[in-house]
>>> print(open('my_file_2.pdb').read())   # PDB, C-alpha atoms
ATOM      1  CA  MET A   4      15.218   1.197  -4.568
ATOM      2  CA  ARG A   5      15.815  -1.290  -1.744
ATOM      3  CA  VAL A   6      12.290  -0.538  -0.579
ATOM      4  CA  LEU A   7      11.060  -2.685  -3.493
ATOM      5  CA  PHE A   8      12.092  -5.709  -1.438
ATOM      6  CA  VAL A   9       9.056  -4.877   0.707
ATOM      7  CA  THR A  10       6.894  -5.019  -2.408
ATOM      8  CA  LEU A  11       8.487  -8.307  -3.468
ATOM      9  CA  GLY A  12       7.946  -9.782   0.003
ATOM     10  CA  VAL A  13       4.251  -8.867  -0.062
ATOM     11  CA  VAL A  14       3.757 -10.378  -3.512
ATOM     12  CA  LEU A  15       5.542 -13.633  -2.637
ATOM     13  CA  LEU A  16       3.714 -14.064   0.682
ATOM     14  CA  ASP A  17       0.394 -13.213  -0.931
ATOM     15  CA  GLN A  18       0.792 -15.661  -3.811
ATOM     16  CA  LEU A  19       2.187 -18.460  -1.643
ATOM     17  CA  THR A  20      -0.704 -18.288   0.826
ATOM     18  CA  LYS A  21      -3.247 -18.178  -2.006
ATOM     19  CA  LEU A  22      -1.745 -21.247  -3.674
ATOM     20  CA  LEU A  23      -1.741 -23.152  -0.379
ATOM     21  CA  ILE A  24      -5.383 -22.259   0.208
ATOM     22  CA  HIS A  25      -6.499 -22.932  -3.373
ATOM     23  CA  GLY A  26      -4.322 -26.008  -3.856
ATOM     24  CA  PHE A  27      -2.134 -26.825  -6.848
ATOM     25  CA  SER A  28      -0.222 -29.560  -8.632
ATOM     26  CA  PHE A  29       3.130 -28.746 -10.204
ATOM     27  CA  LEU A  30       6.146 -30.910 -11.157
ATOM     28  CA  GLY A  31       4.879 -33.824  -9.131
ATOM     29  CA  LEU A  32       4.171 -31.677  -6.072
ATOM     30  CA  THR A  33       0.505 -31.639  -5.125
ATOM     31  CA  VAL A  34      -1.123 -29.509  -2.444
ATOM     32  CA  LYS A  35      -4.780 -30.350  -1.929
ATOM     33  CA  GLY A  36      -5.797 -26.998  -0.489
ATOM     34  CA  PHE A  37      -9.274 -26.160   0.741
ATOM     35  CA  GLU A  38     -12.627 -27.057  -0.716
ATOM     36  CA  TYR A  39     -14.487 -23.954  -1.849
ATOM     37  CA  GLY A  40     -16.233 -22.500   1.191
ATOM     38  CA  GLU A  41     -14.313 -24.743   3.605
ATOM     39  CA  SER A  42     -13.420 -23.050   6.879
ATOM     40  CA  ILE A  43     -10.900 -23.873   9.629
ATOM     41  CA  ASP A  44     -10.887 -22.209  13.048
ATOM     42  CA  ILE A  45      -7.613 -20.534  14.048
ATOM     43  CA  ILE A  46      -8.799 -18.622  17.137
ATOM     44  CA  GLY A  47     -12.208 -20.124  17.739
ATOM     45  CA  SER A  48     -14.814 -18.514  15.533
ATOM     46  CA  PHE A  49     -13.116 -15.120  15.833
ATOM     47  CA  LEU A  50     -10.363 -15.866  13.285
ATOM     48  CA  ARG A  51     -10.826 -18.455  10.564
ATOM     49  CA  LEU A  52      -9.314 -19.503   7.272
ATOM     50  CA  THR A  53     -12.174 -19.648   4.778
ATOM     51  CA  PHE A  54     -11.631 -20.223   1.063
ATOM     52  CA  VAL A  55     -13.691 -17.996  -1.215
ATOM     53  CA  GLU A  56     -13.056 -16.356  -4.580
ATOM     54  CA  ASN A  57     -13.826 -12.709  -5.095
ATOM     55  CA  PRO A  58     -14.672 -11.539  -8.637
ATOM     56  CA  GLY A  59     -14.542  -7.881  -7.587
ATOM     57  CA  ILE A  60     -12.243  -5.605  -5.633
ATOM     58  CA  ALA A  61     -10.882  -5.766  -2.085
ATOM     59  CA  PHE A  62     -12.823  -7.201   0.856
ATOM     60  CA  GLY A  63     -15.394  -9.027  -1.224
ATOM     61  CA  ILE A  64     -16.831  -5.999  -3.012
ATOM     62  CA  ASP A  65     -18.300  -7.197  -6.311
ATOM     63  CA  VAL A  66     -18.254  -4.899  -9.346
ATOM     64  CA  GLY A  67     -20.184  -7.159 -11.714
ATOM     65  CA  VAL A  68     -19.026  -9.355 -14.584
ATOM     66  CA  ASN A  69     -19.186  -6.572 -17.156
ATOM     67  CA  ASN A  70     -16.683  -4.446 -15.228
ATOM     68  CA  LYS A  71     -14.062  -7.137 -14.575
ATOM     69  CA  LEU A  72     -11.931  -6.297 -17.613
ATOM     70  CA  LEU A  73     -12.032  -2.601 -16.724
ATOM     71  CA  LEU A  74     -11.093  -3.460 -13.142
ATOM     72  CA  THR A  75      -8.053  -5.481 -14.233
ATOM     73  CA  VAL A  76      -6.840  -2.767 -16.616
ATOM     74  CA  SER A  77      -7.395  -0.112 -13.941
ATOM     75  CA  THR A  78      -5.338  -2.152 -11.487
ATOM     76  CA  PHE A  79      -2.468  -2.314 -13.994
ATOM     77  CA  VAL A  80      -2.615   1.470 -14.484
ATOM     78  CA  LEU A  81      -2.582   1.917 -10.704
ATOM     79  CA  ILE A  82       0.533  -0.269 -10.447
ATOM     80  CA  VAL A  83       2.351   1.885 -13.014
ATOM     81  CA  ILE A  84       1.339   5.057 -11.151
ATOM     82  CA  LEU A  85       2.520   3.623  -7.829
ATOM     83  CA  PHE A  86       5.898   2.669  -9.328
ATOM     84  CA  TYR A  87       6.318   6.232 -10.595
ATOM     85  CA  PHE A  88       5.109   7.729  -7.320
ATOM     86  CA  LEU A  89       7.591   5.610  -5.372
ATOM     87  CA  TYR A  90      10.433   6.643  -7.688
ATOM     88  CA  LYS A  91       9.581  10.344  -7.263
ATOM     89  CA  ASN A  92       9.547   9.994  -3.460
ATOM     90  CA  LEU A  93      12.853   8.195  -2.899
ATOM     91  CA  ASP A  94      14.063  11.174  -0.862
ATOM     92  CA  LYS A  95      11.176  10.864   1.591
ATOM     93  CA  PRO A  96      11.427   9.195   5.038
ATOM     94  CA  GLU A  97      11.680   5.407   5.079
ATOM     95  CA  PRO A  98       8.245   4.728   6.650
ATOM     96  CA  TYR A  99       6.603   6.794   3.892
ATOM     97  CA  LYS A 100       8.368   4.795   1.162
ATOM     98  CA  ILE A 101       7.497   1.515   2.879
ATOM     99  CA  ALA A 102       3.840   2.562   2.896
ATOM    100  CA  ILE A 103       3.895   3.065  -0.885
ATOM    101  CA  ALA A 104       5.741  -0.240  -1.340
ATOM    102  CA  LEU A 105       3.083  -2.084   0.696
ATOM    103  CA  ILE A 106       0.258  -0.655  -1.411
ATOM    104  CA  LEU A 107       2.186  -1.501  -4.581
ATOM    105  CA  GLY A 108       2.740  -5.091  -3.427
ATOM    106  CA  GLY A 109      -0.928  -5.521  -2.596
ATOM    107  CA  ALA A 110      -2.002  -4.170  -5.976
ATOM    108  CA  ILE A 111       0.395  -6.508  -7.810
ATOM    109  CA  GLY A 112      -0.736  -9.520  -5.753
ATOM    110  CA  ASN A 113      -4.396  -9.095  -6.615
ATOM    111  CA  PHE A 114      -3.562  -8.169 -10.215
ATOM    112  CA  ILE A 115      -1.797 -11.526 -10.655
ATOM    113  CA  ASP A 116      -4.974 -13.273  -9.527
ATOM    114  CA  ARG A 117      -7.214 -11.385 -11.933
ATOM    115  CA  MET A 118      -4.771 -11.734 -14.795
ATOM    116  CA  PHE A 119      -3.699 -15.381 -14.569
ATOM    117  CA  TYR A 120      -5.741 -17.448 -12.124
ATOM    118  CA  GLY A 121      -8.643 -17.874 -14.512
ATOM    119  CA  VAL A 122      -6.346 -19.431 -17.106
ATOM    120  CA  LEU A 123      -4.252 -21.383 -14.585
ATOM    121  CA  PHE A 124      -7.255 -23.108 -13.041
ATOM    122  CA  GLY A 125      -9.279 -23.356 -16.229
ATOM    123  CA  TYR A 126     -12.381 -21.306 -15.540
ATOM    124  CA  ALA A 127     -11.798 -17.944 -17.290
ATOM    125  CA  PRO A 128      -9.615 -16.245 -19.929
ATOM    126  CA  LEU A 129      -6.901 -13.696 -19.239
ATOM    127  CA  PHE A 130      -8.002 -10.563 -17.355
ATOM    128  CA  TYR A 131     -11.111 -12.291 -15.964
ATOM    129  CA  GLY A 132      -9.742 -14.300 -13.029
ATOM    130  CA  LYS A 133     -11.021 -14.119  -9.461
ATOM    131  CA  VAL A 134      -9.070 -13.073  -6.384
ATOM    132  CA  VAL A 135      -8.502 -15.737  -3.724
ATOM    133  CA  ASP A 136      -9.610 -14.593  -0.241
ATOM    134  CA  PHE A 137      -9.235 -16.601   2.936
ATOM    135  CA  ILE A 138      -8.807 -14.492   6.118
ATOM    136  CA  SER A 139     -12.092 -14.247   8.010
ATOM    137  CA  PHE A 140     -12.888 -12.352  11.225
ATOM    138  CA  GLU A 141     -16.175 -12.815  13.044
ATOM    139  CA  PHE A 142     -17.331 -10.589  15.885
ATOM    140  CA  PHE A 143     -20.462  -9.666  17.788
ATOM    141  CA  ASP A 144     -23.595  -8.948  15.782
ATOM    142  CA  PHE A 145     -24.539  -5.325  15.232
ATOM    143  CA  SER A 146     -26.819  -3.323  12.972
ATOM    144  CA  LEU A 147     -25.949  -0.315  10.838
ATOM    145  CA  PHE A 148     -28.435   1.555   8.666
ATOM    146  CA  GLY A 149     -30.911  -1.273   9.118
ATOM    147  CA  LYS A 150     -28.441  -3.966   7.985
ATOM    148  CA  SER A 151     -27.064  -6.660  10.281
ATOM    149  CA  PHE A 152     -23.354  -7.524  10.399
ATOM    150  CA  SER A 153     -21.617 -10.411  12.121
ATOM    151  CA  ARG A 154     -18.222 -10.653  10.409
ATOM    152  CA  PHE A 155     -15.664  -8.627   8.501
ATOM    153  CA  PRO A 156     -15.522  -9.267   4.720
ATOM    154  CA  ILE A 157     -13.080 -12.075   3.894
ATOM    155  CA  PHE A 158      -9.748 -10.754   2.616
ATOM    156  CA  ASN A 159      -6.152 -11.788   1.845
ATOM    157  CA  VAL A 160      -2.533 -10.727   2.393
ATOM    158  CA  ALA A 161      -2.638  -8.249  -0.510
ATOM    159  CA  ASP A 162      -5.697  -6.510   0.932
ATOM    160  CA  SER A 163      -3.972  -6.328   4.323
ATOM    161  CA  ALA A 164      -0.852  -4.771   2.782
ATOM    162  CA  VAL A 165      -2.914  -2.114   1.020
ATOM    163  CA  SER A 166      -4.823  -1.237   4.207
ATOM    164  CA  ILE A 167      -1.652  -1.029   6.322
ATOM    165  CA  GLY A 168       0.056   1.026   3.614
ATOM    166  CA  VAL A 169      -2.777   3.570   3.465
ATOM    167  CA  VAL A 170      -2.714   4.013   7.258
ATOM    168  CA  MET A 171       1.069   4.478   7.173
ATOM    169  CA  LEU A 172       0.765   7.071   4.397
ATOM    170  CA  ILE A 173      -1.546   9.098   6.611
ATOM    171  CA  LEU A 174       0.636   8.734   9.711
ATOM    172  CA  PHE A 175       4.013   9.356   8.081
ATOM    173  CA  SER A 176       3.118  11.797   5.321
ATOM    174  CA  PRO A 177       5.988  14.341   5.192
ATOM    175  CA  LYS A 178       5.402  18.077   5.317
ATOM    176  CA  SER A 179       5.026  19.800   1.989
ATOM    177  CA  SER A 180       8.067  21.542   0.592
ATOM    178  CA  LYS A 181       6.106  24.806   0.627
ATOM    179  CA  GLN A 182       5.600  24.572   4.368
ATOM    180  CA  ASP A 183       9.281  23.752   4.857
ATOM    181  CA  ASP A 184      10.244  26.856   2.868
ATOM    182  CA  GLU A 185       7.935  29.010   4.994
ATOM    183  CA  ASN A 186       9.517  27.651   8.161
ATOM    184  CA  LYS A 187      12.993  28.427   6.825
ATOM    185  CA  GLU A 188      11.948  32.001   5.996
ATOM    186  CA  GLU A 189      10.792  32.515   9.585
ATOM    187  CA  ILE A 190      14.214  31.485  10.893
ATOM    188  CA  ILE A 191      16.268  33.744   8.582
ATOM    189  CA  PRO A 192      16.597  37.271  10.134
ATOM    190  CA  ASP A 193      15.450  40.276   8.131
ATOM    191  CA  THR A 194      18.764  42.121   8.461
ATOM    192  CA  ALA A 195      22.297  40.896   8.773
ATOM    193  CA  ASP A 196      24.126  41.333  12.059
ATOM    194  CA  GLU A 197      26.684  44.071  11.686
ATOM    195  CA  ASN A 198      29.129  42.014  13.707
ATOM    196  CA  SER A 199      28.988  39.322  11.022
ATOM    197  CA  LEU A 200      30.231  41.687   8.299
ATOM    198  CA  PRO A 201      33.740  40.977   7.008
ATOM    199  CA  ILE A 202      36.501  43.148   8.444
ATOM    200  CA  THR A 203      37.337  45.793   5.831
ATOM    201  CA  GLU A 204      38.328  49.435   6.019
ATOM    202  CA  GLU A 205      34.861  50.574   4.935
ATOM    203  CA  ASN A 206      33.120  48.363   7.490
ATOM    204  CA  GLU A 207      35.438  49.538  10.265
ATOM    205  CA  THR A 208      34.643  53.145   9.341
ATOM    206  CA  ALA A 209      30.908  52.405   9.339
ATOM    207  CA  LYS A 210      31.064  50.873  12.800
ATOM    208  CA  ASN A 211      33.442  53.517  14.187
ATOM    209  CA  PRO A 212      32.673  56.949  12.631
ATOM    210  CA  GLU A 213      35.270  58.564  14.925
ATOM    211  CA  LYS A 214      38.051  56.833  12.999
ATOM    212  CA  GLN A 215      36.980  58.669   9.847
ATOM    213  CA  GLN A 216      37.733  61.955  11.594
TER     214      GLN A 216
END
>>> encode(input="my_file_2.pdb", output="structure tokens")
Amino acid sequence: MRVLFVTLGVVLLDQLTKLLIHGFSFLGLTVKGFEYGESIDIIGSFLRLTFVENPGIAFGIDVGVNNKLLLTVSTFVLIVILFYFLYKNLDKPEPYKIAIALILGGAIGNFIDRMFYGVLFGYAPLFYGKVVDFISFEFFDFSLFGKSFSRFPIFNVADSAVSIGVVMLILFSPKSSKQDDENKEEIIPDTADENSLPITEENETAKNPEKQQ
């Protein structure tokens, strides 16, 4: 299960970046962090760090206050399923396992936010916390279905890990065992080569009828 180090790396990087953006004070160490809504240019206006809190799911999609508890519980169930799925696929190629581990790490990262951040920062009880988002991309304006867009929804490291993991699952998904069996059946000849038969008196007689006479 070495692939779980990928999951651990995602969780640690996700939580560290969120704490640095949000700010914290612990054991005499204080990091001011960003003011809510504060934005800093990294690559002009194309890439920015912008502190927002998302009460919903990935990429700023809000599910409403009444569904937050259900969302948190669903995320926990998803984490359990992903752990089991990873365990059942340990014999699969490494890129496929890494893909699952990335998705698992992203799910755990955002689950920690929803589970504990509300209590840690004093604005909500357990299960009702908000997810810290801070990566912002802005691009040219365009319209789709009558709605104007000028930037990608703000996201975080956990969201990125999930997105990369899903793409990798599609790219590196192994062939089904059924298809592998069908390919093996095509390779196996219908009849055995008579030359491959073991050398016995009966086989020699079958190959050389004249000897029987």
>>> resolve_selection(input="my_file_2.pdb", expression="the PyMOL selection byres ((chain A and resi 75-84) around 9)", output="ChimeraX atom specification")
/A:70-74,85-89,107-108,110-111,113-114,117-118,130-131
>>> residues_around(input="my_file_2.pdb", residues="Thr53 in chain A", least_positions_apart="4", cutoff="9 Å", atoms="only C-alpha atoms", output="list in words")
Ile24, Phe37, Tyr39, Gly40, Glu41, Ser42, Ile43, Asp44, Asp136, Phe137, Ile138, Ser139 and Ile157 of chain A
>>> atom_distance(input="my_file_2.pdb", atom1="CA of Asn57 in chain A", atom2="CA of Ile103 in chain A")
24.1 Å
>>> resolve_selection(input="my_file_2.pdb", expression="the PyMOL selection byres ((chain A and resi 7) around 10)", output="ChimeraX atom specification")
/A:4-6,8-13,86,89,100-101,103-105,107-108
>>> atom_distance(input="my_file_2.pdb", atom1="CA of Leu129 in chain A", atom2="CA of Gly168 in chain A")
28.1 Å
>>> decode(input="my_file_2.pdb", residues="range 17-129 of chain A", atoms="C-alpha atoms", output="compact mmCIF listing (two decimals), in the first residue's frame")
# COMPACT_ATOMS: atom_id res chain seq x y z
CA ASP A 17 -3.81 20.63 0.76
CA GLN A 18 -4.12 21.35 4.48
CA LEU A 19 -0.85 23.28 4.69
CA THR A 20 -1.78 25.61 1.82
CA LYS A 21 -5.25 26.16 3.27
CA LEU A 22 -3.85 27.07 6.69
CA LEU A 23 -1.36 29.49 5.13
CA ILE A 24 -4.14 31.15 3.14
CA HIS A 25 -6.64 31.22 6.02
CA GLY A 26 -4.09 32.10 8.69
CA PHE A 27 -3.73 30.51 12.12
CA SER A 28 -2.20 30.89 15.56
CA PHE A 29 -0.81 27.82 17.31
CA LEU A 30 1.78 27.37 20.10
CA GLY A 31 3.01 30.92 19.73
CA LEU A 32 3.29 30.66 15.95
CA THR A 33 1.01 33.08 14.13
CA VAL A 34 0.41 33.26 10.40
CA LYS A 35 -1.76 36.20 9.41
CA GLY A 36 -3.03 34.73 6.15
CA PHE A 37 -5.32 36.53 3.74
CA GLU A 38 -8.29 38.73 4.42
CA TYR A 39 -11.48 37.16 3.09
CA GLY A 40 -11.72 38.03 -0.59
CA GLU A 41 -8.13 39.31 -0.73
CA SER A 42 -6.35 38.51 -3.98
CA ILE A 43 -2.67 38.48 -4.98
CA ASP A 44 -1.46 38.26 -8.58
CA ILE A 45 0.92 35.38 -9.35
CA ILE A 46 0.95 35.59 -13.17
CA GLY A 47 -0.74 38.90 -13.79
CA SER A 48 -4.50 38.57 -13.67
CA PHE A 49 -4.34 35.12 -15.27
CA LEU A 50 -3.34 33.28 -12.07
CA ARG A 51 -4.16 34.66 -8.65
CA LEU A 52 -4.38 33.55 -5.05
CA THR A 53 -7.82 34.59 -3.82
CA PHE A 54 -9.18 33.57 -0.42
CA VAL A 55 -12.79 32.43 -0.42
CA GLU A 56 -14.73 29.80 1.52
CA ASN A 57 -16.97 27.37 -0.28
CA PRO A 58 -19.94 25.92 1.63
CA GLY A 59 -20.67 23.42 -1.15
CA ILE A 60 -18.75 20.96 -3.27
CA ALA A 61 -15.76 21.35 -5.60
CA PHE A 62 -15.12 24.47 -7.69
CA GLY A 63 -17.48 26.72 -5.79
CA ILE A 64 -20.67 24.75 -6.43
CA ASP A 65 -23.09 25.51 -3.60
CA VAL A 66 -25.54 22.85 -2.44
CA GLY A 67 -27.41 24.95 0.11
CA VAL A 68 -27.24 25.04 3.90
CA ASN A 69 -29.79 22.27 4.36
CA ASN A 70 -27.67 19.79 2.40
CA LYS A 71 -24.32 20.46 4.10
CA LEU A 72 -24.65 17.65 6.64
CA LEU A 73 -25.65 15.21 3.90
CA LEU A 74 -22.70 16.39 1.81
CA THR A 75 -20.23 15.78 4.63
CA VAL A 76 -21.61 12.31 5.38
CA SER A 77 -21.60 11.46 1.67
CA THR A 78 -17.97 12.52 1.43
CA PHE A 79 -17.07 10.19 4.31
CA VAL A 80 -18.88 7.30 2.59
CA LEU A 81 -17.00 8.09 -0.62
CA ILE A 82 -13.69 7.97 1.25
CA VAL A 83 -14.50 4.50 2.62
CA ILE A 84 -15.47 3.29 -0.86
CA LEU A 85 -12.26 4.68 -2.37
CA PHE A 86 -10.14 2.95 0.30
CA TYR A 87 -11.85 -0.35 -0.52
CA PHE A 88 -11.58 0.24 -4.27
CA LEU A 89 -7.86 0.95 -3.94
CA TYR A 90 -7.34 -2.20 -1.87
CA LYS A 91 -9.16 -4.34 -4.46
CA ASN A 92 -7.02 -2.90 -7.28
CA LEU A 93 -3.55 -3.33 -5.80
CA ASP A 94 -2.67 -5.66 -8.69
CA LYS A 95 -3.42 -2.98 -11.27
CA PRO A 96 -0.76 -0.83 -13.01
CA GLU A 97 0.89 1.87 -10.91
CA PRO A 98 -0.61 4.88 -12.76
CA TYR A 99 -4.11 3.46 -12.18
CA LYS A 100 -3.48 3.09 -8.43
CA ILE A 101 -1.98 6.58 -8.25
CA ALA A 102 -5.13 7.96 -9.87
CA ILE A 103 -7.30 6.40 -7.15
CA ALA A 104 -4.89 7.64 -4.46
CA LEU A 105 -5.12 11.21 -5.82
CA ILE A 106 -8.92 11.17 -5.74
CA LEU A 107 -8.84 9.70 -2.23
CA GLY A 108 -6.44 12.41 -1.03
CA GLY A 109 -8.61 15.15 -2.49
CA ALA A 110 -11.74 13.74 -0.87
CA ILE A 111 -10.02 13.52 2.53
CA GLY A 112 -8.64 17.07 2.23
CA ASN A 113 -12.02 18.64 1.63
CA PHE A 114 -13.67 16.37 4.21
CA ILE A 115 -11.30 17.70 6.89
CA ASP A 116 -12.43 21.23 6.04
CA ARG A 117 -16.13 20.40 6.27
CA MET A 118 -15.68 18.36 9.42
CA PHE A 119 -13.37 20.52 11.53
CA TYR A 120 -12.82 24.01 10.15
CA GLY A 121 -16.13 25.32 11.44
CA VAL A 122 -15.19 24.34 14.98
CA LEU A 123 -11.52 25.33 14.66
CA PHE A 124 -12.31 28.86 13.52
CA GLY A 125 -15.45 29.27 15.60
CA TYR A 126 -18.20 29.78 13.05
CA ALA A 127 -19.97 26.39 12.77
CA PRO A 128 -20.37 23.03 14.55
CA LEU A 129 -18.92 19.73 13.39
